[in-house]
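**Student:** File name target-v8.tsv; file contents TSV, C-alpha atoms; full text below.
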```
chain	number	residue	atom	x	y	z
Q	752	ASP	CA	141.83	-227.51	-133.63
Q	753	THR	CA	144.72	-229.87	-133.42
Q	754	GLY	CA	147.35	-229.31	-136.05
Q	755	VAL	CA	148.45	-231.50	-138.92
Q	756	SER	CA	150.00	-234.72	-137.65
Q	757	GLN	CA	152.33	-237.11	-139.45
Q	758	ASP	CA	153.45	-240.60	-138.63
Q	759	PRO	CA	156.11	-241.80	-138.27
Q	760	ARG	CA	158.39	-238.87	-137.52
Q	761	HIS	CA	161.46	-240.80	-138.55
Q	762	LYS	CA	161.94	-243.84	-140.77
Q	763	ILE	CA	165.16	-245.64	-141.60
Q	764	THR	CA	164.89	-248.26	-144.30
Q	765	LYS	CA	167.14	-250.27	-146.55
Q	766	ARG	CA	167.28	-249.63	-150.26
Q	767	GLY	CA	164.66	-251.62	-152.09
Q	768	GLN	CA	162.15	-251.73	-149.23
Q	769	ASN	CA	158.69	-250.16	-149.37
Q	770	VAL	CA	157.64	-247.46	-146.91
Q	771	THR	CA	154.32	-245.80	-146.13
Q	772	PHE	CA	153.72	-242.51	-144.38
Q	773	ARG	CA	150.49	-241.18	-142.93
Q	774	CYS	CA	149.16	-237.64	-142.66
Q	775	ASP	CA	146.15	-236.49	-140.65
Q	776	PRO	CA	145.09	-232.99	-141.68
Q	777	ILE	CA	143.42	-230.35	-139.56
Q	778	SER	CA	139.83	-231.49	-139.15
Q	779	GLU	CA	137.45	-230.15	-141.81
Q	780	HIS	CA	140.31	-229.09	-144.08
Q	781	ASN	CA	139.35	-230.50	-147.43
Q	782	ARG	CA	142.68	-229.90	-149.20
Q	783	LEU	CA	145.77	-231.93	-148.39
Q	784	TYR	CA	149.24	-231.51	-149.89
Q	785	TRP	CA	152.46	-233.53	-149.93
Q	786	TYR	CA	155.87	-231.89	-150.31
Q	787	ARG	CA	159.43	-233.19	-150.18
Q	788	GLN	CA	162.35	-231.27	-148.73
Q	789	THR	CA	165.99	-232.21	-149.15
Q	790	LEU	CA	168.80	-230.78	-147.07
Q	791	GLY	CA	169.44	-227.11	-147.71
Q	792	GLN	CA	166.45	-226.69	-150.02
Q	793	GLY	CA	162.93	-225.39	-149.73
Q	794	PRO	CA	160.06	-227.87	-149.92
Q	795	GLU	CA	159.03	-229.12	-153.38
Q	796	PHE	CA	155.44	-229.93	-154.26
Q	797	LEU	CA	154.58	-233.59	-154.89
Q	798	THR	CA	150.80	-233.85	-155.07
Q	799	TYR	CA	147.54	-232.60	-153.62
Q	800	PHE	CA	143.99	-233.74	-152.91
Q	801	GLN	CA	140.71	-232.00	-152.68
Q	802	ASN	CA	138.60	-234.31	-150.57
Q	803	GLU	CA	139.40	-237.77	-151.99
Q	804	ALA	CA	140.28	-236.56	-155.48
Q	805	GLN	CA	143.95	-236.28	-156.42
Q	806	LEU	CA	143.98	-233.09	-158.47
Q	807	GLU	CA	147.63	-232.53	-159.32
Q	808	LYS	CA	150.82	-234.56	-159.37
Q	809	SER	CA	154.35	-233.25	-159.83
Q	810	ARG	CA	156.77	-234.79	-162.30
Q	811	LEU	CA	158.87	-235.49	-159.18
Q	812	LEU	CA	156.35	-238.17	-158.30
Q	813	SER	CA	157.77	-241.16	-160.13
Q	814	ASP	CA	155.90	-244.43	-160.66
Q	815	ARG	CA	157.34	-245.71	-157.40
Q	816	PHE	CA	155.35	-243.10	-155.47
Q	817	SER	CA	151.64	-243.34	-154.82
Q	818	ALA	CA	149.39	-241.23	-152.63
Q	819	GLU	CA	145.85	-241.90	-151.51
Q	820	ARG	CA	143.15	-240.17	-149.54
Q	821	PRO	CA	140.36	-242.74	-149.71
Q	822	LYS	CA	137.78	-241.11	-147.42
Q	823	GLY	CA	138.80	-237.52	-147.82
Q	824	SER	CA	140.35	-237.41	-144.35
Q	825	PHE	CA	143.82	-238.84	-143.70
Q	826	SER	CA	146.24	-239.52	-146.55
Q	827	THR	CA	149.03	-242.02	-147.12
Q	828	LEU	CA	152.16	-241.69	-149.24
Q	829	GLU	CA	153.83	-244.92	-150.28
Q	830	ILE	CA	157.27	-245.26	-151.81
Q	831	GLN	CA	158.05	-248.61	-153.39
Q	832	ARG	CA	161.56	-249.98	-153.94
Q	833	THR	CA	163.17	-247.07	-152.12
Q	834	GLU	CA	166.40	-245.58	-153.43
Q	835	GLN	CA	169.02	-243.53	-151.61
Q	836	GLY	CA	167.86	-240.46	-153.51
Q	837	ASP	CA	164.50	-240.76	-151.77
Q	838	SER	CA	166.12	-239.73	-148.48
Q	839	ALA	CA	164.39	-236.48	-147.53
Q	840	MET	CA	161.85	-234.88	-145.22
Q	841	TYR	CA	158.31	-235.59	-146.41
Q	842	LEU	CA	155.93	-232.84	-145.40
Q	843	CYS	CA	152.16	-232.81	-145.38
Q	844	ALA	CA	150.03	-229.66	-145.31
Q	845	SER	CA	146.32	-228.94	-145.22
Q	846	ARG	CA	144.13	-226.02	-146.14
Q	847	GLY	CA	140.54	-225.03	-145.49
Q	848	GLN	CA	137.97	-224.63	-148.21
Q	849	GLY	CA	137.04	-220.96	-147.96
Q	850	LEU	CA	137.78	-218.87	-151.04
Q	851	ASP	CA	139.79	-216.46	-148.91
Q	852	SER	CA	141.60	-219.26	-147.13
Q	853	TYR	CA	145.07	-219.23	-148.70
Q	854	GLU	CA	147.05	-220.64	-145.84
Q	855	GLN	CA	148.59	-224.09	-145.91
Q	856	TYR	CA	149.46	-225.47	-142.47
Q	857	PHE	CA	152.26	-227.97	-142.28
Q	858	GLY	CA	152.80	-231.03	-140.14
Q	859	PRO	CA	156.11	-231.86	-138.43
Q	860	GLY	CA	157.24	-234.04	-141.33
Q	861	THR	CA	158.55	-237.58	-141.70
Q	862	ARG	CA	162.31	-237.84	-142.06
Q	863	LEU	CA	163.19	-240.77	-144.35
Q	864	THR	CA	166.69	-242.18	-144.47
Q	865	VAL	CA	167.41	-244.87	-147.06
Q	866	THR	CA	170.59	-246.82	-146.37
I	954	THR	CA	158.70	-222.83	-164.59
I	955	GLN	CA	158.27	-220.32	-161.79
I	956	LEU	CA	161.36	-219.57	-159.77
I	957	LEU	CA	161.48	-217.91	-156.40
I	958	GLU	CA	164.83	-216.42	-155.47
I	959	GLN	CA	165.59	-215.62	-151.87
I	960	SER	CA	168.50	-213.55	-150.64
I	961	PRO	CA	170.66	-213.73	-148.74
I	962	GLN	CA	171.01	-217.49	-148.37
I	963	PHE	CA	172.80	-217.16	-145.02
I	964	LEU	CA	172.81	-214.42	-142.43
I	965	SER	CA	174.75	-214.33	-139.16
I	966	ILE	CA	174.16	-211.32	-136.97
I	967	GLN	CA	174.43	-210.13	-133.39
I	968	GLU	CA	171.44	-209.75	-131.13
I	969	GLY	CA	169.88	-206.32	-131.54
I	970	GLU	CA	170.75	-205.86	-135.22
I	971	ASN	CA	168.17	-205.33	-137.94
I	972	LEU	CA	167.95	-207.43	-141.10
I	973	THR	CA	165.97	-207.78	-144.31
I	974	VAL	CA	165.32	-210.90	-146.36
I	975	TYR	CA	164.17	-210.64	-149.97
I	976	CYS	CA	162.02	-212.89	-152.13
I	977	ASN	CA	161.82	-212.23	-155.89
I	978	SER	CA	160.14	-213.78	-158.90
I	979	SER	CA	159.66	-212.95	-162.54
I	980	SER	CA	156.03	-214.08	-162.26
I	981	VAL	CA	153.10	-212.44	-160.51
I	982	PHE	CA	151.95	-214.15	-157.32
I	983	SER	CA	148.28	-214.58	-156.51
I	984	SER	CA	149.36	-214.77	-152.86
I	985	LEU	CA	152.59	-215.17	-150.94
I	986	GLN	CA	153.34	-216.69	-147.58
I	987	TRP	CA	156.31	-216.52	-145.25
I	988	TYR	CA	157.23	-219.48	-143.09
I	989	ARG	CA	159.84	-220.14	-140.41
I	990	GLN	CA	161.28	-223.61	-139.99
I	991	GLU	CA	163.31	-225.11	-137.17
I	992	PRO	CA	165.64	-228.09	-137.77
I	993	GLY	CA	163.71	-231.36	-137.96
I	994	GLU	CA	160.31	-229.65	-137.93
I	995	GLY	CA	157.76	-228.54	-140.49
I	996	PRO	CA	157.45	-224.92	-141.65
I	997	VAL	CA	155.33	-222.68	-139.42
I	998	LEU	CA	153.23	-220.04	-141.13
I	999	LEU	CA	154.11	-216.45	-140.22
I	1000	VAL	CA	152.00	-214.38	-142.61
I	1001	THR	CA	150.06	-214.35	-145.88
I	1002	VAL	CA	150.04	-211.33	-148.20
I	1003	VAL	CA	147.61	-211.00	-151.06
I	1004	THR	CA	147.29	-207.37	-152.15
I	1005	GLY	CA	150.05	-205.49	-153.98
I	1006	GLY	CA	151.71	-202.93	-151.69
I	1007	GLU	CA	150.40	-204.66	-148.59
I	1008	VAL	CA	152.38	-204.31	-145.35
I	1009	LYS	CA	151.80	-206.58	-142.37
I	1010	LYS	CA	153.45	-206.50	-138.97
I	1011	LEU	CA	153.95	-209.33	-136.54
I	1012	LYS	CA	155.67	-207.94	-133.43
I	1013	ARG	CA	159.23	-207.16	-134.61
I	1014	LEU	CA	158.65	-208.64	-138.08
I	1015	THR	CA	157.43	-206.47	-140.97
I	1016	PHE	CA	156.35	-208.06	-144.25
I	1017	GLN	CA	155.92	-206.15	-147.48
I	1018	PHE	CA	154.38	-207.28	-150.74
I	1019	GLY	CA	155.58	-205.47	-153.85
I	1020	ASP	CA	153.14	-203.30	-155.78
I	1021	ALA	CA	153.41	-205.61	-158.79
I	1022	ARG	CA	153.07	-208.73	-156.60
I	1023	LYS	CA	156.36	-210.14	-157.89
I	1024	ASP	CA	158.47	-209.59	-154.80
I	1025	SER	CA	158.30	-209.48	-151.04
I	1026	SER	CA	160.53	-208.65	-148.10
I	1027	LEU	CA	160.74	-209.60	-144.46
I	1028	HIS	CA	162.34	-207.11	-142.09
I	1029	ILE	CA	163.25	-208.04	-138.52
I	1030	THR	CA	163.95	-205.27	-136.04
I	1031	ALA	CA	166.25	-205.85	-133.09
I	1032	ALA	CA	166.82	-209.53	-133.82
I	1033	GLN	CA	166.91	-211.96	-130.91
I	1034	PRO	CA	168.45	-215.44	-130.62
I	1035	GLY	CA	164.92	-216.86	-130.70
I	1036	ASP	CA	164.58	-215.57	-134.28
I	1037	THR	CA	167.19	-218.11	-135.41
I	1038	GLY	CA	165.83	-220.43	-138.08
I	1039	LEU	CA	165.19	-221.00	-141.77
I	1040	TYR	CA	162.90	-218.38	-143.32
I	1041	LEU	CA	161.01	-219.50	-146.42
I	1042	CYS	CA	158.87	-217.54	-148.80
I	1043	ALA	CA	156.29	-219.47	-150.81
I	1044	GLY	CA	154.15	-218.18	-153.64
I	1045	ARG	CA	150.96	-219.30	-155.24
I	1046	TYR	CA	150.62	-218.59	-158.93
I	1047	ASN	CA	147.71	-219.93	-160.90
I	1048	THR	CA	147.46	-223.32	-159.21
I	1049	ASP	CA	146.90	-224.41	-155.66
I	1050	LYS	CA	150.44	-225.62	-154.95
I	1051	LEU	CA	153.08	-223.52	-153.23
I	1052	ILE	CA	156.39	-222.77	-154.90
I	1053	PHE	CA	159.06	-222.29	-152.25
I	1054	GLY	CA	162.21	-220.27	-152.32
I	1055	THR	CA	165.49	-221.90	-151.24
I	1056	GLY	CA	165.29	-220.18	-147.89
I	1057	THR	CA	167.38	-217.82	-145.77
I	1058	ARG	CA	169.15	-219.39	-142.84
I	1059	LEU	CA	169.36	-216.85	-140.03
I	1060	GLN	CA	171.63	-217.20	-137.01
I	1061	VAL	CA	171.36	-214.60	-134.27
I	1062	PHE	CA	174.15	-214.64	-131.70
I	1063	PRO	CA	173.65	-213.35	-128.16
```
How does this structure look as structure tokens?
**Tutor:**
Amino acid sequence: DTGVSQDPRHKITKRGQNVTFRCDPISEHNRLYWYRQTLGQGPEFLTYFQNEAQLEKSRLLSDRFSAERPKGSFSTLEIQRTEQGDSAMYLCASRGQGLDSYEQYFGPGTRLTVT
Amino acid sequence: TQLLEQSPQFLSIQEGENLTVYCNSSSVFSSLQWYRQEPGEGPVLLVTVVTGGEVKKLKRLTFQFGDARKDSSLHITAAQPGDTGLYLCAGRYNTDKLIFGTGTRLQVFP
């Protein structure tokens, strides 16, 4: 199995621009998660999908954020009208579907810098 | 709101020393995971504990899950410079998302 991949690894954008990140989970993992990590903090949950259904969204996910997983495989996270406070590492994780499968495996992250 | 407290926040030690990192919550975990993260990379899973009182070993790392499933510890024996990194505990409560602690930044000097 290849691991979780994310693209791009780094993104620098100007305030007010839109950005989109992509996550490819481990193949056959039906659950996919997005987290955000700011400097010096642990990751914070944003949202997660089971197959193509978005099952939970954090209050951190403002109206400017939208996530999709249209075919139940890769996912995209879009941020509209970026603000400097959006600067963070955006992490994607995936998990298998077995009842005993608790582990979430993380990708390398996308580092967003909003100038 | 569930809170996961990790201590210490920072740890600087010499190669060969032992150390323990703690992870505590007022809520009961359904499972708990420990991750290690390098700068600019995603967290890498070290271990998952599920049963109260469970002890797992990974080479020089020993993980314990409290009997009441509210706390956990990570003990490293004879630390090496390659152990340097951010150690994160993450708990699952009654939903599928992980709640992370703030992390323990470990620096091991040769």
**Student:** Using all atoms listed in the file, find the residues of chain I whose closest atom to chain Q is at most 7 Å away, then write them as a compact mmCIF listing (two decimals) with C-alpha atoms, in the coordinates of the input.
**Tutor:**
```txt
# COMPACT_ATOMS: atom_id res chain seq x y z
CA GLU I 994 160.31 -229.65 -137.93
CA GLY I 995 157.76 -228.54 -140.49
CA PRO I 996 157.45 -224.92 -141.65
CA VAL I 997 155.33 -222.68 -139.42
CA LEU I 998 153.23 -220.04 -141.13
CA THR I 1001 150.06 -214.35 -145.88
CA LYS I 1050 150.44 -225.62 -154.95
CA LEU I 1051 153.08 -223.52 -153.23
CA PHE I 1053 159.06 -222.29 -152.25
CA GLY I 1054 162.21 -220.27 -152.32
CA THR I 1055 165.49 -221.90 -151.24
CA GLY I 1056 165.29 -220.18 -147.89
```
**Student:** Atom CA of I:Gly993 and atom CA of Q:Ser838 are how many Å apart?
**Tutor:**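 We find that atom CA of I:Gly993 and atom CA of Q:Ser838 lie 13.7 Å from each other.
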**Student:** Can you pull out every residue within 12 Å of I:Pro961, counting only C-alpha atoms, but drop anything in the same chain fewer than 6 positions away, and send it as a PDB file with C-alpha atoms, in the frame of the given file?
**Tutor:**
```pdb
ATOM      1  CA  LEU I 972     167.950-207.430-141.100  1.00  0.00           C
ATOM      2  CA  THR I 973     165.970-207.780-144.310  1.00  0.00           C
ATOM      3  CA  VAL I 974     165.320-210.900-146.360  1.00  0.00           C
ATOM      4  CA  TYR I 975     164.170-210.640-149.970  1.00  0.00           C
ATOM      5  CA  CYS I 976     162.020-212.890-152.130  1.00  0.00           C
ATOM      6  CA  ASN I 977     161.820-212.230-155.890  1.00  0.00           C
ATOM      7  CA  SER I1026     160.530-208.650-148.100  1.00  0.00           C
ATOM      8  CA  LEU I1027     160.740-209.600-144.460  1.00  0.00           C
ATOM      9  CA  LEU I1039     165.190-221.000-141.770  1.00  0.00           C
ATOM     10  CA  TYR I1040     162.900-218.380-143.320  1.00  0.00           C
ATOM     11  CA  LEU I1041     161.010-219.500-146.420  1.00  0.00           C
ATOM     12  CA  GLY I1054     162.210-220.270-152.320  1.00  0.00           C
ATOM     13  CA  THR I1055     165.490-221.900-151.240  1.00  0.00           C
ATOM     14  CA  GLY I1056     165.290-220.180-147.890  1.00  0.00           C
ATOM     15  CA  THR I1057     167.380-217.820-145.770  1.00  0.00           C
ATOM     16  CA  ARG I1058     169.150-219.390-142.840  1.00  0.00           C
ATOM     17  CA  LEU I1059     169.360-216.850-140.030  1.00  0.00           C
TER      18      LEU I1059
END
```
**Student:** Which distance in Å separates atom CA of I:Gln959 and atom CA of Q:Leu783, to one decimal?
**Tutor:** 25.9 Å
**Student:** Compile the contact shell of I:Ala1031 as a compact mmCIF listing (two decimals) with C-alpha atoms, in the frame of the given file: residues with an atom at most 6 Å away, counting all atoms listed in the file, same-chain residues fewer than 6 positions apart removed.
**Tutor:**
```txt
# COMPACT_ATOMS: atom_id res chain seq x y z
CA GLY I 969 169.88 -206.32 -131.54
CA GLU I 970 170.75 -205.86 -135.22
CA ASN I 971 168.17 -205.33 -137.94
```
**Student:** For each of Q:Ser778, Q:Ser845, Q:Gln831, Q:Gln768, take the minimum atom-to-atom distance to Q:Arg815, counting only C-alpha atoms, then give the residue where this is smallest.
**Tutor:** Q:Gln831
**Student:** So the first atom is atom CA of Q:Gln805 and the second is atom CA of I:Arg1045; what is the distance between them in Å, to one decimal place?
**Tutor:**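 Answer for the atom CA of Q:Gln805 to atom CA of I:Arg1045 separation: 18.4 Å.
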**Student:** Please list as an NGL selection string every residue within 6 Å of Q:Arg773, counting only C-alpha atoms and excluding residues in the same chain fewer than 3 positions away.
**Tutor:** :Q and (757-758 or 826-827)
